[in-house]
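Student: Encoded as structure tokens, here's the structure I'll be asking about.
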Amino acid sequence: MNFEAVRQQEKENLMPTYGRFPVALVKGKGVYATDTEGKQYIDFGSGIGVNALGWCDEGWVKAVSEQAATLQHISNLYYSPVQTELAADLCRLSGFSKVFFGNSGAEANECAIKLARKYGESRSESCKRILTLCNSFHGRTITTLAATGQDEFHHHFDPFTEGFDYAPINDIEKVKEALTPDTCAVMIELIQGEGGVFMLDKDFVKQLRALCDETGALLMVDEVQTGIGRTGTLYCFEQYGIRPDVVTSAKGLGGGMPIGACLCSQELGQVLSGGMHGSTFGGGPVVCAAARYMLSRIARPDFLQEVAEKGEYLKKALATVPQLCNVRGMGLMVGADLRPETGLTSGDVANRCLQNGMLVLTAHKAVRFLPPLVITRDEIDEGVAILKNALKGAGV
Ligand SMILES: Cc1ncc(COP(=O)(O)O)c(C=O)c1O
């Protein structure tokens with residue numbers, strides 16, 4: 001099928017919920033994808049931070065296909081060794097004790113929100129409120145949209161789930177004002193990815209941890225995008241010198257298979273009991289086999305060190321692109337703004353890159369770079385050269 005045929009079929013049969021780039025991808029290997037017309041693209045998006053080992057990594061394909069050929073689904077009515085093994089791996093590597101598996105980042109956050117509210121009940125009947133940060137993004141379900149601290153996500157679908165308050169990032173005094181005895185949890189992203197790659201200050205996060213300890217509110221960190229090696233440690237909180245009470249994870253965990261995980265301590269792991277939460281597909285054998293393989297490759301000091309170093313290399317390279325400024329981020333989660341004199345939007349840059357054979361992401365005004373964690377320095381050079389060429393003559 002050529003691109004026009006795909007576009008036509010989409011128009012006829014899919015709800016028009018996505019603003020798509022004008023390309024249809026059909027295969028990929030490593031950091032390169034190919035479209036319907038045979039054109040190749042170098043990937044600086046990883047399917048929005050998912051394909052951490054690139055496309056069709058041999059070991060990942062083997063893990064997935066062997067499990068699919070052995071036992072594809074059993075429901076959560078029965079015990080599953082591959083699920084318990086993944087849970088054990090994840091707990092050992094993250095330092096948490098209990099996990100619930102869902103199918104996406106939003107579902108991981110839904111579990112965290114339920115856990116927090118049930119935990120709040122033990123403090124007082126009205127202790128149900130959750131504080132999140134302005135400009136955050138926590139998902140697309142009705143509840144995680146309500147948790148998302150961006151007004152643009154609070155239209156159309158009323159009534160939203162009640163009980164969320166918002167405070168500006170990096171302002172502990174404003175957080176103190178917003179926190180009440182009814183706050184059962186504070187939920188944050190350490191780097192706001194969809195919000196435009198904005199990092200929380202380390203001091204702010206430490207103060208937030210202390211504040212939660214003081215008030216008894218849980219500190220829940222949404223590591224859906226920052227987790228599984230993306231920022232150069234298995235979880236980003238490790239670089240902030242704090243331990244959250246709850247962490248949510250998804251995206252890179254399955255490397256392309258849909259999985260979400262909500263992790264917590266032994267004590268909090270008792271809060272949700274039989275029948276309180278569940279999922280038909282959550283923690284299915286094939287996704288768990290994929291996630292076990294992802295962890296076996298990523299959760300290694302040498303691999304993570306490389307991610308951190310390649311991240312610094314990428315930031316330095318991007319700083320030489322005349323049209324970009326405010327290059328920022330951690331590990332291979334990097335964002336940059338456009339100099340105003342270019343007159344370009346982040347979407348213009350993504351489209352120019354696409355025409356030149358490169359996939360990049362946008363987040364509001366920022367251009368976002370989340371290449372596969374296995375990208376080499378030569379491939380980073382290749383991508384940055386394409387970007388420079390795509391922006392040639394623009395503004396500066
Ligand atoms: C920080 C964060 N939380 C939650 C989500 C929602 O994840 P999903 O789309 O898998 O539901 C995302 C998705 O981009 C995210 O970046």
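Order determines the names: the first chain of the structure tokens is A, the second B, and so forth; residues in each chain are numbered 1 upward, and ligands are numbered 1 upward as they are shown.
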If we count only C-alpha atoms and set the cut-off at 6 Å, which residues sit around segment 26-34 of chain A, ignoring sequence neighbours fewer than 6 positions away in its own chain? Please answer as a PyMOL selection string.
Tutor: chain A and resi 40-43+54-56
Student: Dump N, CA, C and O atoms for the selected residues as a JSON list (two decimals), in the first residue's frame?
Tutor:
```json
[["chain", "number", "residue", "atom", "x", "y", "z"],
["A", 40, "GLN", "N", 14.18, 6.09, 4.01],
["A", 40, "GLN", "CA", 14.67, 5.73, 5.33],
["A", 40, "GLN", "C", 14.77, 6.96, 6.25],
["A", 40, "GLN", "O", 15.05, 8.06, 5.79],
["A", 41, "TYR", "N", 14.52, 6.73, 7.53],
["A", 41, "TYR", "CA", 14.57, 7.81, 8.54],
["A", 41, "TYR", "C", 15.42, 7.38, 9.72],
["A", 41, "TYR", "O", 15.30, 6.24, 10.17],
["A", 42, "ILE", "N", 16.22, 8.30, 10.23],
["A", 42, "ILE", "CA", 16.94, 8.02, 11.49],
["A", 42, "ILE", "C", 16.05, 8.50, 12.64],
["A", 42, "ILE", "O", 15.41, 9.55, 12.56],
["A", 43, "ASP", "N", 16.02, 7.70, 13.69],
["A", 43, "ASP", "CA", 14.99, 7.90, 14.73],
["A", 43, "ASP", "C", 15.52, 8.64, 15.96],
["A", 43, "ASP", "O", 16.41, 8.13, 16.65],
["A", 54, "GLY", "N", 15.73, 0.37, 20.18],
["A", 54, "GLY", "CA", 15.57, 0.57, 18.74],
["A", 54, "GLY", "C", 14.52, -0.37, 18.18],
["A", 54, "GLY", "O", 13.78, -1.02, 18.91],
["A", 55, "TRP", "N", 14.49, -0.41, 16.85],
["A", 55, "TRP", "CA", 13.49, -1.28, 16.21],
["A", 55, "TRP", "C", 14.00, -2.69, 16.07],
["A", 55, "TRP", "O", 15.14, -2.92, 15.63],
["A", 56, "CYS", "N", 13.13, -3.64, 16.41],
["A", 56, "CYS", "CA", 13.35, -5.06, 16.13],
["A", 56, "CYS", "C", 14.72, -5.56, 16.60],
["A", 56, "CYS", "O", 15.42, -6.28, 15.86]]
```
Student: Can you pull out every residue within 9 Å of Gln266 of chain A, counting only C-alpha atoms, but drop anything in the same chain fewer than 2 positions away, and send it as an MDAnalysis selection string?
Tutor: chainID A and resid 96:98 264 268:270
Student: Using only C-alpha atoms and all ligand atoms, which protein or nucleic acid residues are at most 6 Å from ligand 1, as a list of chain:residue names?
Tutor: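 Those residues are A:Ser104, A:Gly105, A:Ala106, A:Phe137, A:His138, A:Gly139, A:Glu189, A:Gly193, A:Glu194, A:Asp222, A:Val224, A:Gln225.
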Student: Go ahead and save the picked residues with N, CA and C atoms, as a PDB file, in the first residue's frame.
Tutor:
```pdb
ATOM      1  N   SER A 104      -0.473   0.450  30.270  1.00  0.00           N
ATOM      2  CA  SER A 104      -0.062   1.751  29.740  1.00  0.00           C
ATOM      3  C   SER A 104       0.380   2.649  30.887  1.00  0.00           C
ATOM      4  N   GLY A 105       0.913   3.810  30.509  1.00  0.00           N
ATOM      5  CA  GLY A 105       1.305   4.780  31.524  1.00  0.00           C
ATOM      6  C   GLY A 105       0.101   5.292  32.293  1.00  0.00           C
ATOM      7  N   ALA A 106      -0.970   5.598  31.563  1.00  0.00           N
ATOM      8  CA  ALA A 106      -2.168   6.116  32.222  1.00  0.00           C
ATOM      9  C   ALA A 106      -2.706   5.106  33.232  1.00  0.00           C
ATOM     10  N   PHE A 137       1.953  16.121  32.723  1.00  0.00           N
ATOM     11  CA  PHE A 137       1.118  15.247  31.885  1.00  0.00           C
ATOM     12  C   PHE A 137       1.099  13.859  32.514  1.00  0.00           C
ATOM     13  N   HIS A 138      -0.113  13.350  32.782  1.00  0.00           N
ATOM     14  CA  HIS A 138      -0.193  12.052  33.443  1.00  0.00           C
ATOM     15  C   HIS A 138      -1.052  11.040  32.696  1.00  0.00           C
ATOM     16  N   GLY A 139      -1.595  11.396  31.518  1.00  0.00           N
ATOM     17  CA  GLY A 139      -2.332  10.395  30.749  1.00  0.00           C
ATOM     18  C   GLY A 139      -3.631  10.920  30.185  1.00  0.00           C
ATOM     19  N   GLU A 189       6.236  14.571  37.888  1.00  0.00           N
ATOM     20  CA  GLU A 189       7.241  14.057  36.947  1.00  0.00           C
ATOM     21  C   GLU A 189       8.531  14.795  37.296  1.00  0.00           C
ATOM     22  N   GLY A 193       8.039  15.780  30.428  1.00  0.00           N
ATOM     23  CA  GLY A 193       8.338  15.478  29.026  1.00  0.00           C
ATOM     24  C   GLY A 193       7.360  16.132  28.066  1.00  0.00           C
ATOM     25  N   GLU A 194       6.078  15.739  28.187  1.00  0.00           N
ATOM     26  CA  GLU A 194       5.076  16.299  27.272  1.00  0.00           C
ATOM     27  C   GLU A 194       4.914  17.799  27.487  1.00  0.00           C
ATOM     28  N   ASP A 222       5.850   9.945  38.708  1.00  0.00           N
ATOM     29  CA  ASP A 222       5.449   9.399  37.408  1.00  0.00           C
ATOM     30  C   ASP A 222       6.700   9.306  36.536  1.00  0.00           C
ATOM     31  N   VAL A 224       6.864   7.360  33.863  1.00  0.00           N
ATOM     32  CA  VAL A 224       6.415   6.715  32.633  1.00  0.00           C
ATOM     33  C   VAL A 224       7.376   7.040  31.479  1.00  0.00           C
ATOM     34  N   GLN A 225       7.819   8.287  31.420  1.00  0.00           N
ATOM     35  CA  GLN A 225       8.724   8.683  30.333  1.00  0.00           C
ATOM     36  C   GLN A 225      10.189   8.661  30.770  1.00  0.00           C
TER      37      GLN A 225
END
```
Student: Can you pull out every residue from segment 74-116 of chain A that DSSP, working from the backbone, puts in alpha helix (DSSP H), and format the result as a PyMOL selection string?
Tutor: chain A and resi 81-94+105-116
Student: Considering only C-alpha atoms, return as a PyMOL selection string whatever protein or nucleic-acid residues lie within 12 Å of Leu314 of chain A, sequence-local ones (same chain, fewer than 2 positions apart) excluded.
Tutor: chain A and resi 44+306-312+316-321+327-336+368-371+373+375-385
Student: How many Å separate atom CA of Ala299 of chain A from atom CA of Phe198 of chain A?
Tutor: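 Separation of atom CA of Ala299 of chain A and atom CA of Phe198 of chain A: 24.7 Å.
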Student: Find, counting only C-alpha atoms, the residue in A:Ser136, A:His277, A:Val286, A:Asp151 that gets nearest to Thr70 of chain A.
Tutor: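 Ranked by minimum distance to Thr70 of chain A, first place goes to A:Val286.
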Student: DSSP on the backbone, then: every residue of segment 202-361 of chain A marked strand (DSSP E or B), written as a ChimeraX atom specification.
Tutor: /A:218-222,246-249,255,257,260-264,324-330,333-338,358-359,361
Student: Write the residues of the selection above to a file with C-alpha atoms, as a compact mmCIF listing (two decimals), in the first residue's frame.
Tutor:
```
# COMPACT_ATOMS: atom_id res chain seq x y z
CA LEU A 218 2.67 10.07 49.69
CA LEU A 219 5.26 11.23 47.17
CA MET A 220 4.42 9.53 43.86
CA VAL A 221 6.77 9.93 40.91
CA ASP A 222 5.45 9.40 37.41
CA VAL A 246 5.23 5.15 44.68
CA VAL A 247 6.73 5.09 41.17
CA THR A 248 4.90 4.49 37.92
CA SER A 249 6.59 3.09 34.84
CA GLY A 255 10.26 -1.75 24.48
CA MET A 257 4.88 -4.13 24.04
CA GLY A 260 2.50 -0.22 32.74
CA ALA A 261 3.71 -0.81 36.28
CA CYS A 262 2.95 0.80 39.62
CA LEU A 263 5.68 0.15 42.21
CA CYS A 264 5.56 0.72 45.95
CA LEU A 324 18.41 26.12 18.74
CA CYS A 325 18.80 27.48 22.27
CA ASN A 326 18.18 26.29 25.86
CA VAL A 327 19.33 22.76 25.14
CA ARG A 328 18.41 20.80 28.27
CA GLY A 329 17.58 17.39 29.67
CA MET A 330 19.09 14.33 31.29
CA MET A 333 15.71 12.82 27.16
CA VAL A 334 16.64 16.14 25.63
CA GLY A 335 14.72 19.25 24.61
CA ALA A 336 15.62 22.54 22.96
CA ASP A 337 13.86 25.79 22.07
CA LEU A 338 13.97 27.62 18.78
CA MET A 358 14.91 12.17 10.49
CA LEU A 359 12.19 11.62 13.11
CA LEU A 361 9.38 14.91 18.57
```
Student: Segment 215-315 of chain A near segment 121-126 of chain A within 10 Å: what's each residue's closest atom pair and its distance in Å to one decimal, counting only C-alpha atoms, ordered by chain then ascending residue number, as CSV?
Tutor:
```
residue,atom,partner,partner_atom,distance
A:Gly216,CA,A:Arg123,CA,8.7
A:Ala217,CA,A:Arg123,CA,9.7
A:Val271,CA,A:Ser122,CA,9.5
```
Student: I need the chosen residues saved as an mmCIF file, in the first residue's frame, with N, CA, C and O atoms.
Tutor:
```
data_model
loop_
_atom_site.group_PDB
_atom_site.id
_atom_site.type_symbol
_atom_site.label_atom_id
_atom_site.label_comp_id
_atom_site.auth_asym_id
_atom_site.auth_seq_id
_atom_site.Cartn_x
_atom_site.Cartn_y
_atom_site.Cartn_z
ATOM 1 N N GLY A 216 2.602 13.475 55.914
ATOM 2 C CA GLY A 216 2.059 12.127 55.734
ATOM 3 C C GLY A 216 1.508 11.879 54.332
ATOM 4 O O GLY A 216 0.989 10.804 54.050
ATOM 5 N N ALA A 217 1.641 12.878 53.450
ATOM 6 C CA ALA A 217 1.200 12.650 52.057
ATOM 7 C C ALA A 217 2.225 11.757 51.351
ATOM 8 O O ALA A 217 3.422 11.854 51.628
ATOM 9 N N VAL A 271 -2.149 -2.033 50.611
ATOM 10 C CA VAL A 271 -3.291 -1.103 50.625
ATOM 11 C C VAL A 271 -4.420 -1.582 49.714
ATOM 12 O O VAL A 271 -5.590 -1.546 50.089
#
```
Student: May I ask which of the residues A:Ala52, A:Ile191, A:Val99, A:Leu354 is the closest one to Gly282 of chain A, counting only C-alpha atoms?
Tutor: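 Answer, going by the shortest atom-to-atom distance: A:Val99.
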Student: One decimal, Å: what's the distance from atom CA of Val396 of chain A over to atom CA of Leu344 of chain A, could you say?
Tutor: 11.2 Å
Student: Please provide the set of residues having any atom within 10 Å of Arg292 of chain A, restricted to only C-alpha atoms, with same-chain residues fewer than 6 positions apart removed, written as an mmCIF file with all heavy atoms, in the first residue's frame.
Tutor:
```cif
data_model
loop_
_atom_site.group_PDB
_atom_site.id
_atom_site.type_symbol
_atom_site.label_atom_id
_atom_site.label_comp_id
_atom_site.auth_asym_id
_atom_site.auth_seq_id
_atom_site.Cartn_x
_atom_site.Cartn_y
_atom_site.Cartn_z
ATOM 1 N N TRP A 60 15.122 -8.986 21.742
ATOM 2 C CA TRP A 60 13.747 -8.609 22.108
ATOM 3 C C TRP A 60 12.749 -9.392 21.242
ATOM 4 O O TRP A 60 11.766 -9.950 21.746
ATOM 5 C CB TRP A 60 13.580 -7.095 21.940
ATOM 6 C CG TRP A 60 12.229 -6.567 22.299
ATOM 7 C CD1 TRP A 60 11.816 -6.143 23.529
ATOM 8 C CD2 TRP A 60 11.102 -6.389 21.424
ATOM 9 N NE1 TRP A 60 10.511 -5.718 23.480
ATOM 10 C CE2 TRP A 60 10.049 -5.853 22.207
ATOM 11 C CE3 TRP A 60 10.878 -6.623 20.071
ATOM 12 C CZ2 TRP A 60 8.796 -5.562 21.661
ATOM 13 C CZ3 TRP A 60 9.631 -6.333 19.538
ATOM 14 C CH2 TRP A 60 8.609 -5.811 20.325
ATOM 15 N N ALA A 63 12.640 -12.946 22.472
ATOM 16 C CA ALA A 63 11.910 -13.085 23.741
ATOM 17 C C ALA A 63 10.400 -13.032 23.500
ATOM 18 O O ALA A 63 9.638 -13.841 24.043
ATOM 19 C CB ALA A 63 12.341 -11.986 24.714
ATOM 20 N N VAL A 82 6.072 -16.037 34.388
ATOM 21 C CA VAL A 82 6.801 -14.946 33.726
ATOM 22 C C VAL A 82 6.421 -13.605 34.373
ATOM 23 O O VAL A 82 7.247 -12.702 34.517
ATOM 24 C CB VAL A 82 6.641 -14.983 32.174
ATOM 25 C CG1 VAL A 82 5.218 -14.857 31.756
ATOM 26 C CG2 VAL A 82 7.480 -13.903 31.495
ATOM 27 N N GLN A 83 5.163 -13.500 34.846
ATOM 28 C CA GLN A 83 4.751 -12.271 35.546
ATOM 29 C C GLN A 83 5.453 -12.164 36.902
ATOM 30 O O GLN A 83 5.937 -11.089 37.280
ATOM 31 C CB GLN A 83 3.229 -12.260 35.744
ATOM 32 C CG GLN A 83 2.708 -10.942 36.281
ATOM 33 C CD GLN A 83 1.202 -10.989 36.539
ATOM 34 O OE1 GLN A 83 0.746 -11.134 37.659
ATOM 35 N NE2 GLN A 83 0.419 -10.857 35.473
ATOM 36 N N GLU A 85 8.254 -13.510 37.762
ATOM 37 C CA GLU A 85 9.687 -13.286 37.544
ATOM 38 C C GLU A 85 9.958 -11.829 37.190
ATOM 39 O O GLU A 85 10.916 -11.224 37.672
ATOM 40 C CB GLU A 85 10.210 -14.219 36.447
ATOM 41 C CG GLU A 85 10.507 -15.607 36.978
ATOM 42 C CD GLU A 85 10.621 -16.651 35.891
ATOM 43 O OE1 GLU A 85 10.459 -16.321 34.695
ATOM 44 O OE2 GLU A 85 10.863 -17.812 36.248
ATOM 45 N N LEU A 86 9.100 -11.242 36.357
ATOM 46 C CA LEU A 86 9.279 -9.825 36.032
ATOM 47 C C LEU A 86 9.108 -8.973 37.286
ATOM 48 O O LEU A 86 9.885 -8.044 37.531
ATOM 49 C CB LEU A 86 8.280 -9.372 34.953
ATOM 50 C CG LEU A 86 8.311 -7.872 34.691
ATOM 51 C CD1 LEU A 86 9.664 -7.423 34.147
ATOM 52 C CD2 LEU A 86 7.189 -7.455 33.741
ATOM 53 N N ALA A 87 8.094 -9.283 38.088
ATOM 54 C CA ALA A 87 7.874 -8.518 39.322
ATOM 55 C C ALA A 87 9.105 -8.606 40.221
ATOM 56 O O ALA A 87 9.557 -7.589 40.781
ATOM 57 C CB ALA A 87 6.639 -9.048 40.049
ATOM 58 N N ALA A 88 9.682 -9.793 40.332
ATOM 59 C CA ALA A 88 10.872 -9.968 41.177
ATOM 60 C C ALA A 88 12.043 -9.161 40.615
ATOM 61 O O ALA A 88 12.752 -8.478 41.354
ATOM 62 C CB ALA A 88 11.223 -11.449 41.271
ATOM 63 N N ASP A 89 12.237 -9.207 39.295
ATOM 64 C CA ASP A 89 13.322 -8.432 38.660
ATOM 65 C C ASP A 89 13.148 -6.949 38.958
ATOM 66 O O ASP A 89 14.082 -6.254 39.354
ATOM 67 C CB ASP A 89 13.292 -8.580 37.127
ATOM 68 C CG ASP A 89 13.709 -9.959 36.657
ATOM 69 O OD1 ASP A 89 14.235 -10.739 37.470
ATOM 70 O OD2 ASP A 89 13.494 -10.240 35.450
ATOM 71 N N LEU A 90 11.935 -6.475 38.713
ATOM 72 C CA LEU A 90 11.663 -5.036 38.827
ATOM 73 C C LEU A 90 11.833 -4.572 40.279
ATOM 74 O O LEU A 90 12.407 -3.499 40.533
ATOM 75 C CB LEU A 90 10.233 -4.777 38.322
ATOM 76 C CG LEU A 90 9.890 -3.395 37.796
ATOM 77 C CD1 LEU A 90 10.911 -2.854 36.822
ATOM 78 C CD2 LEU A 90 8.514 -3.434 37.134
ATOM 79 N N LEU A 253 9.652 0.224 29.329
ATOM 80 C CA LEU A 253 9.637 -1.049 30.062
ATOM 81 C C LEU A 253 9.334 -2.231 29.134
ATOM 82 O O LEU A 253 9.918 -3.293 29.262
ATOM 83 C CB LEU A 253 8.608 -0.968 31.203
ATOM 84 C CG LEU A 253 8.425 -2.201 32.087
ATOM 85 C CD1 LEU A 253 9.741 -2.647 32.724
ATOM 86 C CD2 LEU A 253 7.393 -1.922 33.182
ATOM 87 N N GLY A 254 8.421 -2.031 28.193
ATOM 88 C CA GLY A 254 8.083 -3.125 27.276
ATOM 89 C C GLY A 254 8.833 -3.029 25.953
ATOM 90 O O GLY A 254 8.766 -3.950 25.139
ATOM 91 N N VAL A 286 3.331 -12.331 27.235
ATOM 92 C CA VAL A 286 4.203 -11.815 26.165
ATOM 93 C C VAL A 286 4.817 -10.467 26.559
ATOM 94 O O VAL A 286 6.025 -10.246 26.391
ATOM 95 C CB VAL A 286 3.427 -11.718 24.816
ATOM 96 C CG1 VAL A 286 4.351 -11.222 23.721
ATOM 97 C CG2 VAL A 286 2.844 -13.069 24.438
#
```
Student: Would you mind reading off the distance between atom CA of Asn356 of chain A and atom CA of Val374 of chain A, one decimal, in Å?
Tutor: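 That distance, rounded to one decimal, is 22.0 Å.
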Student: Could you check which of A:Ala178, A:Pro22, A:Met187, A:Phe153 is closest to Thr132 of chain A, using only C-alpha atoms?
Tutor: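 Ranking A:Ala178, A:Pro22, A:Met187, A:Phe153 by distance to Thr132 of chain A, first place goes to A:Met187.
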Student: With distances taken over only C-alpha atoms, which of A:Ala68, A:Ile142, A:Leu14, A:Met294 is nearest to Asn51 of chain A?
Tutor: A:Met294
Student: Which neighbours of Ala167 of chain A fall inside 12 Å, counting only C-alpha atoms, when residues of the same chain fewer than 5 positions from it are skipped, and could you give them as a ChimeraX atom specification?
Tutor: /A:130-136,147-150,172-179,186-188,208
